[in-house]
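Text of start_21.cif, listed as mmCIF, C-alpha atoms:
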```
data_target
#
loop_
_atom_site.group_PDB
_atom_site.id
_atom_site.type_symbol
_atom_site.label_atom_id
_atom_site.label_comp_id
_atom_site.auth_asym_id
_atom_site.auth_seq_id
_atom_site.Cartn_x
_atom_site.Cartn_y
_atom_site.Cartn_z
ATOM 1 C CA MET I 123 6.859 -0.201 55.644
ATOM 2 C CA ARG I 124 9.614 -1.639 53.448
ATOM 3 C CA PRO I 125 9.076 -2.117 49.664
ATOM 4 C CA ASP I 126 9.096 -5.700 48.410
ATOM 5 C CA SER I 127 12.752 -6.311 47.484
ATOM 6 C CA ARG I 128 12.060 -9.137 45.031
ATOM 7 C CA TRP I 129 10.745 -6.582 42.478
ATOM 8 C CA ALA I 130 13.525 -4.024 42.966
ATOM 9 C CA GLY I 131 16.099 -5.749 40.724
ATOM 10 C CA PRO I 132 13.870 -6.364 37.670
ATOM 11 C CA LEU I 133 12.306 -2.890 37.949
ATOM 12 C CA LEU I 134 15.735 -1.250 38.153
ATOM 13 C CA LEU I 135 16.925 -3.250 35.106
ATOM 14 C CA ALA I 136 13.802 -2.333 33.104
ATOM 15 C CA PHE I 137 14.229 1.344 33.986
ATOM 16 C CA ALA I 138 17.921 1.279 32.988
ATOM 17 C CA LEU I 139 17.116 -0.342 29.627
ATOM 18 C CA LEU I 140 14.365 2.179 29.015
ATOM 19 C CA CYS I 141 16.766 5.061 29.675
ATOM 20 C CA VAL I 142 19.578 3.638 27.537
ATOM 21 C CA SER I 143 17.529 2.471 24.521
ATOM 22 C CA PRO I 144 17.409 5.875 22.724
ATOM 23 C CA ALA I 145 21.203 5.792 22.521
ATOM 24 C CA PHE I 146 20.990 2.720 20.273
ATOM 25 C CA ALA I 147 18.284 4.113 18.003
ATOM 26 C CA GLN I 148 19.240 4.943 14.462
ATOM 27 C CA ILE I 149 16.933 6.684 12.047
ATOM 28 C CA GLY I 150 17.359 5.266 8.566
ATOM 29 C CA ASP I 151 20.556 4.344 6.773
ATOM 30 C CA THR I 152 23.150 7.026 7.460
ATOM 31 C CA THR I 153 25.841 5.464 5.260
ATOM 32 C CA TYR I 154 25.196 7.636 2.209
ATOM 33 C CA ARG I 155 23.873 10.859 3.708
ATOM 34 C CA LEU I 156 24.966 14.060 2.026
ATOM 35 C CA ARG I 157 26.707 16.722 4.085
ATOM 36 C CA ASP I 158 24.570 19.523 2.691
ATOM 37 C CA PRO I 159 21.073 19.300 4.263
ATOM 38 C CA VAL I 160 19.469 20.974 1.230
ATOM 39 C CA GLN I 161 20.978 18.403 -1.129
ATOM 40 C CA GLU I 162 20.015 15.577 1.243
ATOM 41 C CA GLN I 163 16.412 16.813 1.277
ATOM 42 C CA ARG I 164 16.389 16.955 -2.544
ATOM 43 C CA ALA I 165 17.774 13.415 -2.712
ATOM 44 C CA ARG I 166 15.048 12.200 -0.347
ATOM 45 C CA GLU I 167 12.322 13.871 -2.414
ATOM 46 C CA ILE I 168 13.673 12.223 -5.558
ATOM 47 C CA GLY I 169 13.942 8.884 -3.745
ATOM 48 C CA LYS I 170 10.278 9.060 -2.741
ATOM 49 C CA GLU I 171 9.372 9.123 -6.452
ATOM 50 C CA LEU I 172 11.410 5.992 -7.269
ATOM 51 C CA ARG I 173 10.114 2.455 -6.704
ATOM 52 C CA CYS I 174 12.181 -0.197 -4.984
ATOM 53 C CA LEU I 175 12.573 -2.899 -7.615
ATOM 54 C CA VAL I 176 12.604 -5.602 -4.924
ATOM 55 C CA CYS I 177 9.734 -4.443 -2.683
ATOM 56 C CA GLN I 178 7.707 -2.958 -5.571
ATOM 57 C CA ASN I 179 5.232 -1.081 -3.373
ATOM 58 C CA GLN I 180 7.761 1.055 -1.520
ATOM 59 C CA SER I 181 9.910 3.945 -2.522
ATOM 60 C CA ILE I 182 13.660 3.506 -2.326
ATOM 61 C CA GLU I 183 13.630 5.815 0.710
ATOM 62 C CA ASP I 184 11.267 3.477 2.598
ATOM 63 C CA SER I 185 12.901 0.189 1.608
ATOM 64 C CA ASP I 186 15.715 -1.670 3.375
ATOM 65 C CA ALA I 187 16.587 -3.828 0.363
ATOM 66 C CA SER I 188 20.199 -3.735 -0.829
ATOM 67 C CA LEU I 189 19.114 -2.657 -4.325
ATOM 68 C CA ALA I 190 17.211 0.274 -2.795
ATOM 69 C CA ARG I 191 20.374 1.261 -0.888
ATOM 70 C CA ASP I 192 22.307 1.171 -4.170
ATOM 71 C CA LEU I 193 19.681 3.352 -5.851
ATOM 72 C CA ARG I 194 19.768 5.819 -2.928
ATOM 73 C CA ARG I 195 23.552 5.995 -3.323
ATOM 74 C CA ILE I 196 23.212 6.638 -7.090
ATOM 75 C CA VAL I 197 20.631 9.384 -6.493
ATOM 76 C CA ARG I 198 22.849 11.051 -3.872
ATOM 77 C CA GLU I 199 25.894 10.870 -6.159
ATOM 78 C CA GLN I 200 23.924 12.538 -8.946
ATOM 79 C CA VAL I 201 22.593 15.245 -6.615
ATOM 80 C CA GLU I 202 26.070 15.857 -5.227
ATOM 81 C CA ARG I 203 27.405 16.294 -8.776
ATOM 82 C CA GLY I 204 24.869 19.079 -9.260
ATOM 83 C CA ALA I 205 22.269 17.338 -11.433
ATOM 84 C CA SER I 206 18.733 18.724 -11.298
ATOM 85 C CA ASN I 207 15.822 16.634 -10.034
ATOM 86 C CA GLU I 208 14.686 16.010 -13.616
ATOM 87 C CA GLN I 209 18.190 14.944 -14.677
ATOM 88 C CA VAL I 210 18.465 12.493 -11.773
ATOM 89 C CA MET I 211 15.035 11.021 -12.537
ATOM 90 C CA ALA I 212 15.961 10.723 -16.243
ATOM 91 C CA PHE I 213 19.275 9.058 -15.319
ATOM 92 C CA VAL I 214 17.588 6.393 -13.190
ATOM 93 C CA HIS I 215 14.653 5.997 -15.611
ATOM 94 C CA GLU I 216 17.027 5.454 -18.526
ATOM 95 C CA ARG I 217 18.765 2.592 -16.710
ATOM 96 C CA TYR I 218 15.781 0.868 -15.075
ATOM 97 C CA GLY I 219 12.809 1.741 -17.297
ATOM 98 C CA ASP I 220 9.250 2.804 -16.454
ATOM 99 C CA PHE I 221 8.900 0.301 -13.626
ATOM 100 C CA VAL I 222 11.293 2.219 -11.366
ATOM 101 C CA LEU I 223 8.986 5.250 -11.369
ATOM 102 C CA LEU I 224 6.196 5.264 -8.789
ATOM 103 C CA ARG I 225 4.234 7.446 -11.219
ATOM 104 C CA PRO I 226 5.133 6.110 -14.676
ATOM 105 C CA PRO I 227 4.382 8.257 -17.751
ATOM 106 C CA PHE I 228 1.109 7.717 -19.574
ATOM 107 C CA LYS I 229 1.857 6.002 -22.888
ATOM 108 C CA TRP I 230 0.738 2.911 -24.809
ATOM 109 C CA SER I 231 3.061 0.555 -22.944
ATOM 110 C CA THR I 232 1.694 1.718 -19.570
ATOM 111 C CA LEU I 233 -1.959 2.015 -20.620
ATOM 112 C CA LEU I 234 -3.017 -1.166 -18.822
ATOM 113 C CA LEU I 235 -1.261 0.015 -15.664
ATOM 114 C CA TRP I 236 -3.174 3.312 -15.689
ATOM 115 C CA ALA I 237 -6.487 1.701 -16.744
ATOM 116 C CA THR I 238 -6.475 -1.104 -14.155
ATOM 117 C CA PRO I 239 -8.279 0.872 -11.401
ATOM 118 C CA ALA I 240 -11.047 1.928 -13.802
ATOM 119 C CA LEU I 241 -11.343 -1.607 -15.194
ATOM 120 C CA ALA I 242 -11.569 -3.034 -11.664
ATOM 121 C CA LEU I 243 -14.300 -0.534 -10.768
ATOM 122 C CA LEU I 244 -16.279 -1.308 -13.922
ATOM 123 C CA GLY I 245 -15.846 -5.042 -13.333
ATOM 124 C CA GLY I 246 -17.143 -4.682 -9.777
ATOM 125 C CA LEU I 247 -20.146 -2.643 -10.905
ATOM 126 C CA PHE I 248 -20.901 -5.225 -13.603
ATOM 127 C CA ALA I 249 -20.698 -8.063 -11.048
ATOM 128 C CA ILE I 250 -23.106 -6.234 -8.716
ATOM 129 C CA TRP I 251 -25.517 -5.496 -11.573
ATOM 130 C CA ARG I 252 -25.361 -9.121 -12.755
ATOM 131 C CA ALA I 253 -25.929 -10.520 -9.247
ATOM 132 C CA ARG I 254 -28.941 -8.278 -8.696
ATOM 133 C CA ARG I 255 -30.386 -9.161 -12.075
ATOM 134 C CA VAL I 256 -30.104 -12.888 -11.435
ATOM 135 C CA ALA I 257 -31.543 -12.555 -7.916
ATOM 136 C CA ALA I 258 -34.513 -10.474 -9.119
ATOM 137 C CA PRO I 259 -37.859 -12.301 -9.484
ATOM 138 C CA ALA I 260 -38.520 -13.785 -12.877
ATOM 139 C CA GLY I 261 -41.599 -11.619 -13.393
ATOM 140 C CA ILE I 262 -44.077 -14.143 -12.003
ATOM 141 C CA GLY I 263 -46.914 -12.328 -10.264
ATOM 142 C CA PRO I 264 -48.911 -13.545 -7.266
ATOM 143 C CA LEU I 265 -50.554 -16.904 -7.881
ATOM 144 C CA GLU I 266 -54.083 -17.818 -6.870
ATOM 145 C CA LEU I 267 -54.533 -20.855 -4.642
ATOM 146 C CA THR I 268 -56.474 -23.780 -5.943
ATOM 147 C CA GLU I 269 -59.556 -24.948 -4.013
ATOM 148 C CA ALA I 270 -57.638 -27.931 -2.586
ATOM 149 C CA GLU I 271 -54.816 -25.642 -1.406
ATOM 150 C CA ARG I 272 -57.315 -23.270 0.242
ATOM 151 C CA GLN I 273 -58.934 -26.149 2.140
ATOM 152 C CA ARG I 274 -55.579 -27.470 3.299
ATOM 153 C CA LEU I 275 -54.525 -23.983 4.440
ATOM 154 C CA ALA I 276 -57.742 -23.553 6.353
ATOM 155 C CA ALA I 277 -57.215 -26.946 8.014
ATOM 156 C CA LEU I 278 -53.663 -25.997 8.994
ATOM 157 C CA GLN I 279 -54.856 -22.729 10.481
ATOM 158 C CA GLY I 280 -57.511 -24.570 12.500
ATOM 159 C CA ASP I 281 -60.496 -23.023 10.696
ATOM 160 C CA PRO I 282 -63.618 -25.079 11.574
ATOM 161 C CA LYS I 283 -65.175 -24.466 8.124
ATOM 162 C CA ALA I 284 -62.643 -26.715 6.436
#
```
What does this structure look like when you write it as structure tokens?
Amino acid sequence: MRPDSRWAGPLLLAFALLCVSPAFAQIGDTTYRLRDPVQEQRAREIGKELRCLVCQNQSIEDSDASLARDLRRIVREQVERGASNEQVMAFVHERYGDFVLLRPPFKWSTLLLWATPALALLGGLFAIWRARRVAAPAGIGPLELTEAERQRLAALQGDPKA
């Protein structure tokens, strides 16, 4: 029995592309990698502590923004010059301020930033408490039916005494 030849071409092409695709894969931006693997690892650790000023919720190591690439280059230059992790962080912090740090220092100017999660939690708890309080009964106990209401109820239920 001969295989169906109409599928042979597309299957062969798909298999060839599957085999060749790893050759085109590139992991990260290799433009500014340091030759020394220890220094490169230090630069990456520092970069994971710095915020991309464009993306704002990513570190400069995770971002593809051009400003993040520039910051990665600055960090690698500082590491290559022999600066310690603290010196590199201070260098970048001095130029870009508290916002560039993913974990900014606790001080008066960053108090709202640090307090926001607690304020959101308290606000949520207050909203739940308020909603439950409003939805709770107003304290009115069970009411007695009047004689007319009792007769009507009995008639609705089909009671012959009504």
Output of the PyMOL selection byres ((chain I and resi 178) around 12), listed as an NGL selection string: :I and (172-177 or 179-182 or 184-185 or 187 or 189-190 or 221-224)
Between I:Leu134, I:Phe248, I:Asp220, I:Glu266, single out the one closest to Leu235 in chain I, counting all atoms listed in the file. I:Asp220
Please provide as a list in words all residues within 10 Å of Gln200 in chain I, with the sequence filter that same-chain residues fewer than 6 positions apart are discarded (counting all atoms listed in the file).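 In the requested form, the answer reads Ala165, Arg194, Ser206, Asn207, Gln209, Val210, Met211, Phe213 and Val214 of chain I.
The coordinates place CA of Pro239 in chain I at 27.6 Å from CA of Arg217 in chain I.
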So that all listed atoms of range 165-183 of chain I fit with 5 Å spare on each side, what axis-aligned box centre and edge lengths in Å, to one decimal, would you give as lines of an AutoDock Vina configuration file?
```
center_x = 11.5
center_y = 4.1
center_z = -3.5
size_x = 22.5
size_y = 29.5
size_z = 18.3
```
Expected selection from the PyMOL selection byres ((chain I and resi 156) around 10), given as a list of chain:residue names: I:Thr152, I:Thr153, I:Tyr154, I:Arg155, I:Arg157, I:Asp158, I:Pro159, I:Val160, I:Gln161, I:Glu162, I:Gln163, I:Ala165, I:Arg195, I:Arg198, I:Glu199, I:Val201, I:Glu202
Just give me the gap between CA of Leu233 in chain I and CA of Gly169 in chain I in Å, one decimal is fine.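 Separation between CA of Leu233 in chain I and CA of Gly169 in chain I: 24.2 Å.
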